[in-house]
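Chemist: Structure: upload_4.cif, mmCIF, C-alpha atoms.
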```cif
data_work
loop_
_atom_site.label_atom_id
_atom_site.label_comp_id
_atom_site.auth_asym_id
_atom_site.auth_seq_id
_atom_site.Cartn_x
_atom_site.Cartn_y
_atom_site.Cartn_z
CA MET A 84 27.91 -5.72 4.55
CA ARG A 85 26.08 -8.43 6.38
CA GLY A 86 24.35 -5.89 8.54
CA VAL A 87 20.87 -7.24 7.91
CA GLU A 88 21.68 -10.77 8.85
CA GLY A 89 20.24 -10.58 12.32
CA LEU A 90 17.09 -9.11 10.87
CA ILE A 91 15.31 -12.29 10.01
CA GLY A 92 15.62 -15.83 11.09
CA SER A 93 19.06 -17.15 10.33
CA HIS A 94 19.37 -20.89 10.63
CA ARG A 95 21.15 -22.21 13.68
CA ASP A 96 23.32 -25.27 13.55
CA ASP A 97 20.51 -27.42 14.82
CA GLY A 98 18.36 -26.20 11.97
CA ALA A 99 15.92 -24.35 14.16
CA VAL A 100 15.26 -20.83 13.04
CA TYR A 101 16.66 -18.25 15.37
CA LEU A 102 14.24 -15.39 15.53
CA PRO A 103 15.44 -12.07 16.83
CA ARG A 104 13.01 -9.99 18.78
CA ASP A 105 14.24 -6.55 17.88
CA GLY A 106 11.02 -5.36 16.34
CA VAL A 107 8.95 -5.83 19.44
CA LEU A 108 11.31 -4.75 22.20
CA GLY A 109 9.61 -3.13 25.11
CA MET A 110 6.16 -4.32 24.22
CA GLY A 111 6.02 -6.99 26.84
CA ASP A 112 6.78 -10.67 26.89
CA VAL A 113 3.24 -11.67 26.06
CA PHE A 114 3.38 -9.76 22.82
CA VAL A 115 6.79 -11.22 22.03
CA TRP A 116 5.48 -14.71 22.63
CA LEU A 117 2.34 -14.11 20.56
CA ASN A 118 4.42 -12.61 17.79
CA ASP A 119 6.87 -15.52 17.75
CA GLN A 120 4.29 -18.26 17.97
CA LEU A 121 1.33 -16.88 16.02
CA LEU A 122 2.95 -14.71 13.41
CA ARG A 123 6.35 -16.31 12.98
CA MET A 124 5.11 -19.77 13.95
CA GLN A 125 8.18 -20.83 15.87
CA TRP A 126 6.27 -23.99 16.84
CA LEU A 127 5.88 -24.87 13.18
CA SER A 128 9.57 -24.34 12.48
CA ASP A 129 10.41 -26.63 15.41
CA LEU A 130 7.92 -29.24 14.22
CA VAL A 131 9.31 -29.18 10.69
CA THR A 132 12.83 -29.50 12.12
CA LEU A 133 11.69 -32.66 13.92
CA LEU A 134 10.05 -33.95 10.76
CA VAL A 135 13.13 -33.32 8.63
CA ARG A 136 15.51 -34.86 11.18
CA ASP A 137 13.51 -37.79 12.48
CA GLY A 138 10.99 -38.32 9.68
CA PHE A 139 13.24 -37.92 6.65
CA GLY A 140 16.51 -38.68 8.40
CA LEU A 141 18.09 -35.50 7.02
CA ASP A 142 20.35 -33.14 8.92
CA PRO A 143 18.44 -29.85 8.99
CA ALA A 144 21.73 -27.98 8.87
CA SER A 145 22.80 -29.71 5.66
CA GLN A 146 22.11 -28.35 2.20
CA ILE A 147 19.29 -30.74 1.39
CA GLY A 148 17.85 -30.78 4.90
CA GLY A 149 17.96 -26.98 5.03
CA SER A 150 16.15 -26.65 1.68
CA VAL A 151 13.50 -29.17 2.71
CA HIS A 152 13.00 -27.34 6.00
CA PHE A 153 12.75 -23.95 4.29
CA PHE A 154 10.29 -25.28 1.72
CA ILE A 155 7.92 -27.15 4.08
CA TYR A 156 8.01 -24.51 6.80
CA ASP A 157 7.47 -21.58 4.46
CA VAL A 158 4.73 -23.23 2.41
CA ILE A 159 2.71 -24.23 5.47
CA LYS A 160 3.28 -20.90 7.20
CA ILE A 161 2.28 -18.85 4.18
CA PHE A 162 -0.84 -20.93 3.53
CA ILE A 163 -1.99 -20.70 7.16
CA LEU A 164 -1.38 -16.96 7.38
CA LEU A 165 -2.87 -16.41 3.94
CA SER A 166 -6.11 -18.22 4.76
CA VAL A 167 -6.62 -16.54 8.13
CA LEU A 168 -5.71 -13.12 6.77
CA ILE A 169 -7.75 -13.30 3.58
CA PHE A 170 -10.75 -14.40 5.61
CA SER A 171 -10.61 -11.52 8.06
CA ILE A 172 -9.65 -8.96 5.46
CA SER A 173 -12.38 -10.04 3.03
CA TYR A 174 -14.89 -9.59 5.82
CA VAL A 175 -13.73 -5.99 6.23
CA GLN A 176 -13.59 -5.56 2.46
CA SER A 177 -17.22 -6.54 2.09
CA TYR A 178 -17.97 -3.13 3.59
CA PHE A 179 -15.95 -1.40 0.90
CA PRO A 180 -17.14 -2.53 -2.53
CA PRO A 181 -15.58 -0.53 -5.41
CA GLU A 182 -18.83 1.42 -5.81
CA ARG A 183 -18.56 2.74 -2.27
CA THR A 184 -14.87 3.54 -2.71
CA ARG A 185 -15.77 5.50 -5.82
CA ARG A 186 -18.46 7.43 -3.98
CA ILE A 187 -16.13 8.29 -1.11
CA LEU A 188 -13.45 9.44 -3.55
CA GLY A 189 -15.92 11.52 -5.56
CA GLN A 190 -16.56 13.68 -2.51
CA ARG A 191 -12.96 14.77 -2.14
CA GLN A 192 -10.54 16.93 -4.03
CA GLY A 193 -6.84 17.61 -4.39
CA LEU A 194 -4.15 15.87 -2.40
CA GLY A 195 -6.66 14.66 0.17
CA ALA A 196 -8.42 12.63 -2.52
CA ASN A 197 -5.08 11.05 -3.50
CA ILE A 198 -4.32 10.12 0.08
CA ILE A 199 -7.76 8.59 0.60
CA ALA A 200 -7.42 6.77 -2.73
CA ALA A 201 -4.09 5.28 -1.66
CA LEU A 202 -5.58 4.23 1.70
CA LEU A 203 -8.73 2.73 0.16
CA GLY A 204 -6.48 0.90 -2.29
CA THR A 205 -5.28 -1.18 0.64
CA ILE A 206 -8.76 -2.40 1.61
CA THR A 207 -10.69 -2.54 -1.66
CA PRO A 208 -10.74 -6.03 -3.14
CA PHE A 209 -8.36 -6.06 -6.04
CA CYS A 210 -6.75 -8.41 -8.48
CA SER A 211 -5.00 -7.43 -11.69
CA CYS A 212 -8.06 -8.69 -13.57
CA SER A 213 -10.20 -5.99 -11.94
CA SER A 214 -7.94 -3.10 -12.95
CA ILE A 215 -9.91 -2.48 -16.15
CA PRO A 216 -13.41 -2.36 -14.62
CA LEU A 217 -12.07 -0.17 -11.82
CA PHE A 218 -10.29 2.17 -14.22
CA ILE A 219 -13.36 2.52 -16.45
CA GLY A 220 -15.71 2.75 -13.47
CA PHE A 221 -13.68 5.48 -11.76
CA THR A 222 -12.92 7.50 -14.88
CA SER A 223 -16.42 7.41 -16.35
CA ALA A 224 -17.79 8.62 -13.02
CA GLY A 225 -15.58 11.69 -13.33
CA LEU A 226 -12.81 10.89 -10.88
CA PRO A 227 -9.58 12.62 -11.91
CA LEU A 228 -6.76 10.48 -13.32
CA ALA A 229 -4.59 11.50 -10.37
CA VAL A 230 -6.94 9.82 -7.91
CA THR A 231 -7.53 6.74 -10.07
CA PHE A 232 -3.81 6.15 -10.49
CA SER A 233 -3.10 6.65 -6.78
CA PHE A 234 -5.59 3.85 -6.25
CA LEU A 235 -4.19 1.67 -9.02
CA ILE A 236 -0.65 1.99 -7.65
CA SER A 237 -1.52 1.34 -4.02
CA SER A 238 -4.00 -1.46 -4.56
CA PRO A 239 -1.69 -4.29 -5.69
CA LEU A 240 1.31 -2.90 -3.81
CA VAL A 241 0.01 -2.57 -0.28
CA ASP A 242 -2.63 -4.79 1.16
CA LEU A 243 -3.29 -5.76 4.72
CA ALA A 244 -2.39 -9.42 4.22
CA SER A 245 1.00 -8.59 2.76
CA VAL A 246 1.73 -6.26 5.67
CA ILE A 247 1.15 -8.99 8.24
CA LEU A 248 3.19 -11.45 6.18
CA LEU A 249 6.02 -8.92 6.02
CA ALA A 250 5.84 -8.57 9.79
CA SER A 251 5.92 -12.34 10.07
CA ILE A 252 8.95 -12.79 7.83
CA PHE A 253 10.88 -9.65 8.72
CA ASN A 254 9.63 -7.50 11.58
CA TRP A 255 7.00 -4.89 12.36
CA SER A 256 9.11 -1.83 11.69
CA ILE A 257 9.94 -3.08 8.20
CA ALA A 258 6.27 -3.88 7.54
CA MET A 259 5.21 -0.41 8.67
CA ALA A 260 7.97 1.25 6.64
CA TYR A 261 6.87 -0.75 3.57
CA VAL A 262 3.27 0.43 3.97
CA ALA A 263 4.25 4.04 4.55
CA ILE A 264 6.56 4.15 1.56
CA GLY A 265 4.07 2.29 -0.66
CA LEU A 266 1.37 4.84 0.20
CA VAL A 267 3.74 7.74 -0.43
CA LEU A 268 4.62 6.27 -3.84
CA ALA A 269 0.91 5.92 -4.66
CA VAL A 270 0.06 9.49 -3.60
CA LEU A 271 3.04 11.10 -5.35
CA GLY A 272 2.76 8.91 -8.48
CA GLY A 273 -0.94 9.68 -8.86
CA THR A 274 -0.43 13.39 -8.21
CA LEU A 275 2.35 13.56 -10.80
CA ILE A 276 0.16 11.85 -13.41
CA GLY A 277 -2.54 14.41 -12.58
CA TYR A 278 -0.16 17.32 -13.19
CA LEU A 279 0.77 15.97 -16.61
CA LYS A 280 -2.83 16.42 -17.81
CA LEU A 281 -2.99 13.21 -19.78
CA GLU A 282 -6.78 12.88 -19.97
CA ASN A 283 -6.53 12.92 -23.77
CA GLN A 284 -4.45 9.74 -23.51
CA VAL A 285 -7.41 7.74 -22.24
CA GLU A 286 -9.39 5.81 -24.86
CA ALA A 287 -12.52 7.82 -25.66
CA PHE A 288 -15.00 5.03 -24.95
CA VAL A 289 -13.95 5.04 -21.29
CA PHE A 290 -15.54 8.45 -20.72
CA GLN A 291 -18.72 7.37 -22.48
CA SER A 292 -19.22 4.25 -20.40
CA PRO A 293 -22.35 4.33 -18.31
CA VAL A 294 -22.09 4.55 -14.54
CA SER A 295 -24.00 1.95 -12.63
CA ASP A 296 -24.26 2.46 -8.92
CA HIS A 297 -25.40 -0.85 -7.62
CA ASP A 298 -24.17 -0.82 -4.11
CA ASN A 299 -25.16 -4.04 -2.46
CA GLY A 300 -23.30 -3.04 0.67
CA GLY A 301 -26.38 -2.07 2.59
CA ALA A 302 -28.31 -5.17 1.62
CA ILE A 303 -25.68 -7.73 2.53
CA SER A 304 -26.34 -9.79 5.63
CA ARG A 305 -23.71 -10.91 8.09
CA ARG A 306 -23.99 -14.46 6.83
CA GLU A 307 -23.39 -13.30 3.28
CA ARG A 308 -20.28 -11.43 4.39
CA LEU A 309 -18.96 -14.58 6.06
CA THR A 310 -19.72 -16.62 2.94
CA TYR A 311 -18.07 -13.96 0.84
CA ALA A 312 -14.97 -14.09 3.05
CA ALA A 313 -14.83 -17.90 2.84
CA ASP A 314 -15.29 -17.75 -0.95
CA GLN A 315 -12.48 -15.22 -1.21
CA VAL A 316 -10.13 -17.54 0.69
CA MET A 317 -10.92 -20.37 -1.74
CA GLU A 318 -10.65 -18.15 -4.79
CA ILE A 319 -7.38 -16.50 -3.79
CA VAL A 320 -5.72 -19.69 -2.56
CA LEU A 321 -6.68 -21.42 -5.82
CA ARG A 322 -5.30 -18.50 -7.79
CA VAL A 323 -2.01 -17.99 -5.99
CA TRP A 324 -0.95 -21.41 -4.70
CA ILE A 325 1.22 -22.10 -7.70
CA TYR A 326 3.04 -18.75 -7.29
CA ILE A 327 3.61 -19.53 -3.63
CA LEU A 328 5.10 -22.94 -4.43
CA ILE A 329 7.31 -21.47 -7.15
CA GLY A 330 8.29 -18.55 -4.91
CA VAL A 331 9.17 -20.76 -1.96
CA GLY A 332 10.98 -23.15 -4.30
CA ILE A 333 13.12 -20.31 -5.65
CA GLY A 334 13.60 -19.09 -2.08
CA ALA A 335 14.78 -22.53 -0.95
CA ALA A 336 17.16 -22.72 -3.93
CA ILE A 337 18.59 -19.29 -3.15
CA HIS A 338 18.78 -20.19 0.51
CA ASN A 339 20.81 -23.34 0.17
CA TRP A 340 22.10 -23.87 -3.36
CA ILE A 341 23.05 -20.64 -5.05
CA PRO A 342 26.52 -19.60 -3.84
CA GLU A 343 26.53 -16.53 -1.69
CA THR A 344 29.40 -15.06 -3.70
CA PHE A 345 27.26 -15.21 -6.84
CA ILE A 346 24.32 -13.48 -5.19
CA SER A 347 26.40 -10.81 -3.54
CA ALA A 348 28.26 -10.13 -6.79
CA LEU A 349 24.93 -9.48 -8.49
CA LEU A 350 22.79 -8.05 -5.71
CA GLY A 351 25.14 -7.38 -2.80
CA GLN A 352 24.57 -4.35 -0.62
CA ASP A 353 27.81 -2.73 -1.74
CA LYS A 354 26.93 -3.00 -5.42
CA TRP A 355 25.33 0.16 -6.80
CA TRP A 356 23.57 -1.77 -9.56
CA SER A 357 21.81 -4.22 -7.23
CA VAL A 358 18.58 -2.19 -7.05
CA LEU A 359 18.53 -1.76 -10.83
CA VAL A 360 19.00 -5.49 -11.40
CA ALA A 361 16.16 -6.25 -8.97
CA THR A 362 13.89 -3.82 -10.84
CA VAL A 363 14.71 -5.08 -14.32
CA VAL A 364 14.11 -8.68 -13.25
CA GLY A 365 11.00 -7.87 -11.22
CA VAL A 366 8.97 -5.57 -13.47
CA PRO A 367 7.92 -8.00 -16.21
CA MET A 368 7.37 -10.80 -13.70
CA TYR A 369 3.85 -11.60 -12.69
CA ALA A 370 3.36 -13.04 -9.26
CA ASP A 371 1.39 -12.43 -6.17
CA ILE A 372 3.09 -10.72 -3.25
CA PHE A 373 2.74 -13.99 -1.33
CA GLY A 374 4.91 -15.75 -3.88
CA THR A 375 7.46 -12.94 -3.84
CA LEU A 376 7.98 -12.74 -0.09
CA PRO A 377 9.85 -16.04 0.33
CA ILE A 378 12.25 -14.99 -2.45
CA ALA A 379 12.86 -11.67 -0.70
CA GLU A 380 13.32 -13.52 2.58
CA ALA A 381 15.97 -15.84 1.14
CA LEU A 382 17.74 -12.95 -0.61
CA VAL A 383 18.04 -10.96 2.60
CA GLN A 384 19.39 -14.01 4.41
CA LYS A 385 22.07 -14.21 1.73
CA GLY A 386 23.22 -10.67 2.49
CA VAL A 387 21.21 -8.82 -0.14
CA GLY A 388 20.26 -5.31 0.95
CA LEU A 389 16.82 -4.84 2.44
CA GLY A 390 16.08 -2.07 -0.07
CA THR A 391 17.06 -4.32 -2.96
CA ALA A 392 14.74 -7.08 -1.72
CA LEU A 393 11.84 -4.66 -1.21
CA THR A 394 12.41 -3.13 -4.64
CA PHE A 395 12.20 -6.60 -6.14
CA MET A 396 8.90 -7.26 -4.31
CA MET A 397 7.43 -3.93 -5.34
CA ALA A 398 8.56 -4.37 -8.96
CA VAL A 399 6.91 -7.77 -9.17
CA THR A 400 3.63 -6.75 -7.56
CA ALA A 401 3.10 -3.17 -8.78
CA LEU A 402 3.99 -3.71 -12.43
CA SER A 403 3.56 -6.82 -14.50
CA LEU A 404 3.29 -7.62 -18.17
CA PRO A 405 -0.28 -9.05 -17.99
CA SER A 406 -1.68 -6.03 -16.16
CA MET A 407 0.10 -3.65 -18.57
CA ILE A 408 -1.43 -5.47 -21.54
CA MET A 409 -4.85 -5.10 -19.91
CA LEU A 410 -4.39 -1.41 -19.13
CA LYS A 411 -3.28 -0.82 -22.73
CA ARG A 412 -6.87 -1.51 -23.78
CA VAL A 413 -8.14 1.54 -21.91
CA VAL A 414 -5.25 4.01 -22.06
CA LYS A 415 -2.97 5.07 -24.90
CA LEU A 416 0.72 4.24 -24.97
CA PRO A 417 2.11 7.60 -23.72
CA LEU A 418 0.01 7.45 -20.53
CA LEU A 419 0.90 3.82 -20.00
CA ALA A 420 4.58 4.67 -20.46
CA VAL A 421 4.32 7.56 -17.97
CA PHE A 422 2.64 5.26 -15.45
CA ILE A 423 5.30 2.57 -15.83
CA GLY A 424 8.05 5.20 -15.76
CA ILE A 425 6.86 6.90 -12.58
CA VAL A 426 6.33 3.65 -10.70
CA THR A 427 9.67 2.22 -11.85
CA VAL A 428 11.64 5.33 -10.85
CA GLY A 429 9.73 5.39 -7.57
CA ILE A 430 10.59 1.85 -6.56
CA ILE A 431 14.23 2.31 -7.59
CA LEU A 432 14.45 5.35 -5.31
CA ILE A 433 12.76 3.42 -2.51
CA GLY A 434 15.35 0.66 -2.91
CA TYR A 435 18.27 3.05 -2.54
CA VAL A 436 16.69 4.88 0.39
CA PHE A 437 15.98 1.60 2.22
CA ASN A 438 19.49 0.30 1.53
CA ALA A 439 20.97 3.49 2.94
CA THR A 440 18.78 3.45 6.04
CA THR A 441 18.63 -0.30 6.78
CA HIS A 442 20.20 0.24 10.21
CA LEU A 443 17.00 2.01 11.31
CA PHE A 444 14.94 -1.15 10.86
CA VAL A 445 17.24 -3.78 12.26
CA MET B 284 -36.44 -11.20 -22.63
CA ILE B 285 -32.64 -11.30 -22.80
CA ILE B 286 -30.71 -12.10 -19.67
CA LYS B 287 -26.98 -11.49 -19.69
CA ILE B 288 -24.48 -12.79 -17.20
CA LEU B 289 -21.40 -10.59 -16.95
CA GLY B 290 -18.22 -12.24 -15.78
CA SER B 291 -14.98 -13.64 -17.06
CA GLY B 292 -15.97 -17.26 -16.53
CA CYS B 293 -15.45 -17.55 -12.79
CA LYS B 294 -17.28 -20.02 -10.60
CA LYS B 295 -19.61 -17.33 -9.29
CA CYS B 296 -20.71 -16.36 -12.80
CA VAL B 297 -21.65 -19.97 -13.53
CA ALA B 298 -23.62 -20.14 -10.27
CA LEU B 299 -25.41 -16.89 -11.07
CA GLY B 300 -26.26 -18.15 -14.56
CA GLU B 301 -27.73 -21.34 -13.15
CA ASN B 302 -29.80 -19.46 -10.58
CA ALA B 303 -31.08 -17.17 -13.32
CA LYS B 304 -32.12 -20.14 -15.45
CA THR B 305 -33.92 -21.71 -12.50
CA ALA B 306 -35.69 -18.43 -11.81
CA ALA B 307 -36.77 -17.99 -15.43
CA GLN B 308 -38.10 -21.54 -15.57
CA ALA B 309 -39.99 -21.10 -12.30
CA ALA B 310 -41.57 -17.91 -13.57
CA ALA B 311 -42.28 -19.58 -16.94
CA ILE B 312 -40.44 -16.83 -18.77
CA ASP B 313 -38.99 -17.59 -22.17
CA ALA B 314 -35.64 -15.92 -21.73
CA LYS B 315 -32.60 -15.94 -23.94
CA PHE B 316 -29.34 -16.26 -22.00
CA GLU B 317 -26.06 -14.68 -23.02
CA LYS B 318 -22.66 -14.64 -21.40
CA VAL B 319 -20.48 -11.55 -21.60
CA THR B 320 -16.90 -12.50 -20.84
CA ASP B 321 -14.82 -9.71 -22.38
CA ILE B 322 -13.65 -7.50 -19.53
CA VAL B 323 -13.99 -4.25 -21.51
CA ALA B 324 -17.52 -5.21 -22.57
CA ILE B 325 -18.35 -5.99 -18.95
CA ALA B 326 -16.99 -2.65 -17.79
CA GLY B 327 -19.04 -1.11 -20.61
CA TYR B 328 -22.10 -1.85 -18.51
CA GLY B 329 -20.70 0.38 -15.80
CA ILE B 330 -20.13 -2.29 -13.20
CA MET B 331 -16.89 -2.73 -11.29
CA SER B 332 -17.36 -6.09 -9.66
CA THR B 333 -18.48 -9.36 -11.19
CA PRO B 334 -20.61 -11.34 -11.59
CA GLY B 335 -23.17 -8.94 -13.00
CA LEU B 336 -26.74 -9.59 -14.04
CA VAL B 337 -28.34 -7.68 -16.91
CA ILE B 338 -32.02 -8.00 -17.82
CA ASP B 339 -32.95 -6.47 -21.17
CA GLU B 340 -29.80 -4.30 -21.16
CA LYS B 341 -30.48 -3.00 -17.64
CA VAL B 342 -27.95 -3.80 -14.91
CA VAL B 343 -29.86 -5.22 -11.96
CA SER B 344 -27.04 -6.59 -9.84
CA SER B 345 -23.27 -6.65 -9.56
CA GLY B 346 -20.71 -8.29 -7.35
CA ARG B 347 -23.10 -10.83 -5.92
CA VAL B 348 -24.49 -14.27 -6.68
CA LEU B 349 -28.21 -13.70 -6.37
CA SER B 350 -30.40 -16.60 -5.35
CA ALA B 351 -33.04 -17.91 -7.74
CA SER B 352 -35.82 -16.32 -5.68
CA GLU B 353 -34.08 -12.93 -5.66
CA ILE B 354 -33.74 -13.13 -9.44
CA GLY B 355 -37.40 -14.19 -9.66
CA ALA B 356 -38.41 -10.97 -7.93
CA LEU B 357 -36.27 -8.95 -10.36
CA LEU B 358 -37.81 -10.79 -13.33
CA LYS B 359 -41.29 -9.84 -12.18
CA GLY B 360 -40.23 -6.22 -11.86
CA ALA B 361 -38.69 -6.18 -15.34
#
```
Starting from the file, lay out its structure as structure tokens.
Modeler:
Amino acid sequence: MRGVEGLIGSHRDDGAVYLPRDGVLGMGDVFVWLNDQLLRMQWLSDLVTLLVRDGFGLDPASQIGGSVHFFIYDVIKIFILLSVLIFSISYVQSYFPPERTRRILGQRQGLGANIIAALLGTITPFCSCSSIPLFIGFTSAGLPLAVTFSFLISSPLVDLASVILLASIFNWSIAMAYVAIGLVLAVLGGTLIGYLKLENQVEAFVFQSPVSDHDNGGAISRRERLTYAADQVMEIVLRVWIYILIGVGIGAAIHNWIPETFISALLGQDKWWSVLVATVVGVPMYADIFGTLPIAEALVQKGVGLGTALTFMMAVTALSLPSMIMLKRVVKLPLLAVFIGIVTVGIILIGYVFNATTHLFV
Amino acid sequence: MIIKILGSGCKKCVALGENAKTAAQAAAIDAKFEKVTDIVAIAGYGIMSTPGLVIDEKVVSSGRVLSASEIGALLKGA
């Protein structure tokens, strides 16, 4: 039942985080060292341990000391990784404005278009506030609903920054599995929506919207891309910092204050309802994936199944009340319900599959 | 001339609006400025990334904060 314990850092008696190296076996000591220090920031964990013990006079192994360590370490780690990642990814993204994505997608058909849409979803700049312009822009340009929805599912669910954070908190095989399964969900979900022929469930004005093809991609200088990347870091950090603090706060509470018996009774690996509970709690919630990761991390440390934790993350990021309310302005209720239904069933299935196959990723 | 700034009130939209005002003043154009903040109305112009700049109902830029001189060139062309 506690099979996933060794998967992520479990706290040693001295409060330092013990980090297993399973995910990178055979890749050489240099890679292991880089992975531990750069991605997992072992040095930071050690520093925070010192700070908690000598600075605050708290025992890092105690309840309070452990929570303080978890909170400080996770907040700093996530903010450092977030800034570095958003900067590099935004630079890449500046080559893929939505207009270009739309053009690339317009040239393809069938399943191939869905797969490309899911892949482009991972590198096209996206926030839930841009789902409406993207939906209208794609649909009015004649892209099939199947392709648009593949993109809309993959875009919030899988992005490069979240993958690296997943690798940092769990390990590389889990991060890769998350990406693969997120892309499969996007491709299958979009394809299914395409088969249902729900074009008449899109508000009529969407099809009549004009198509503007201002692609500034070619005109942008290197300096502008760098400025864009720096602006993105500012914008995203300002937007998500509160979710990160709340997420890490909840994570620290789960980690040290909520009794393990309570969590395992509700979400334990041997409980068939755990994935369903994670979904029901996660779907209406609105948070960035960066805020959700520390919660998932703490849950797994408390013996919650990996699939259950991933389901929770996917439920929070892929579906949220605010983005549903926005989408409702451009699609009619039946299509919205189908979209929510397909994604919900998909992430529930993913949860059960991951729970059943956890041993492959440990 | 009517110049519209499309954007849901982000920092970049404000910057674009200010650059546009500077450009209009420099070119001595008597322009009327409007902000379009409703996301459906913005998408109605066919753009997918904000901020957008619309001169007399024609989209001239999207997804970028143009400098005052760039806008000046667009104003001359309009």
Chemist: Using all atoms listed in the file, determine which residues of chain A fall within 12 Å of chain B; present them as an MDAnalysis selection string.
Modeler: chainID A and resid 177 179:185 207:224 286 288:300 302:303 307:308 310:311 314:315 317:318 321:322 409:413
Chemist: Translate the PyMOL selection byres ((chain A and resi 200) around 10), as applied to the file shown, into an explicit residue set as a PyMOL selection string.
Modeler: chain A and resi 184-185+187-188+191+194-199+201-205+207+229-238+266+269-270+273
Chemist: Which residues would end up in the selection if the PyMOL selection byres ((chain B and resi 287) around 9) were applied here, given that I need the answer as a list in words?
Modeler: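 Taken on the displayed file, the PyMOL selection byres ((chain B and resi 287) around 9) yields the residues Ile285, Ile286, Ile288, Leu289, Gly300, Lys315, Phe316, Glu317, Lys318, Val319, Gly335, Leu336, Val337, Ile338, Asp339 and Glu340 of chain B.
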Chemist: Atom CA of Trp355 of chain A and atom CA of Phe437 of chain A are how many Å apart?
Modeler: 13.1 Å
Chemist: Work out how far apart atom CA of Ile172 of chain A and atom CA of Asp119 of chain A are and give it in Å to one decimal.
Modeler: 21.6 Å
Chemist: What separation in Å, quoted to one decimal, exists between atom CA of Leu402 of chain A and atom CA of Pro367 of chain A?
Modeler: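 It comes out at 6.9 Å.
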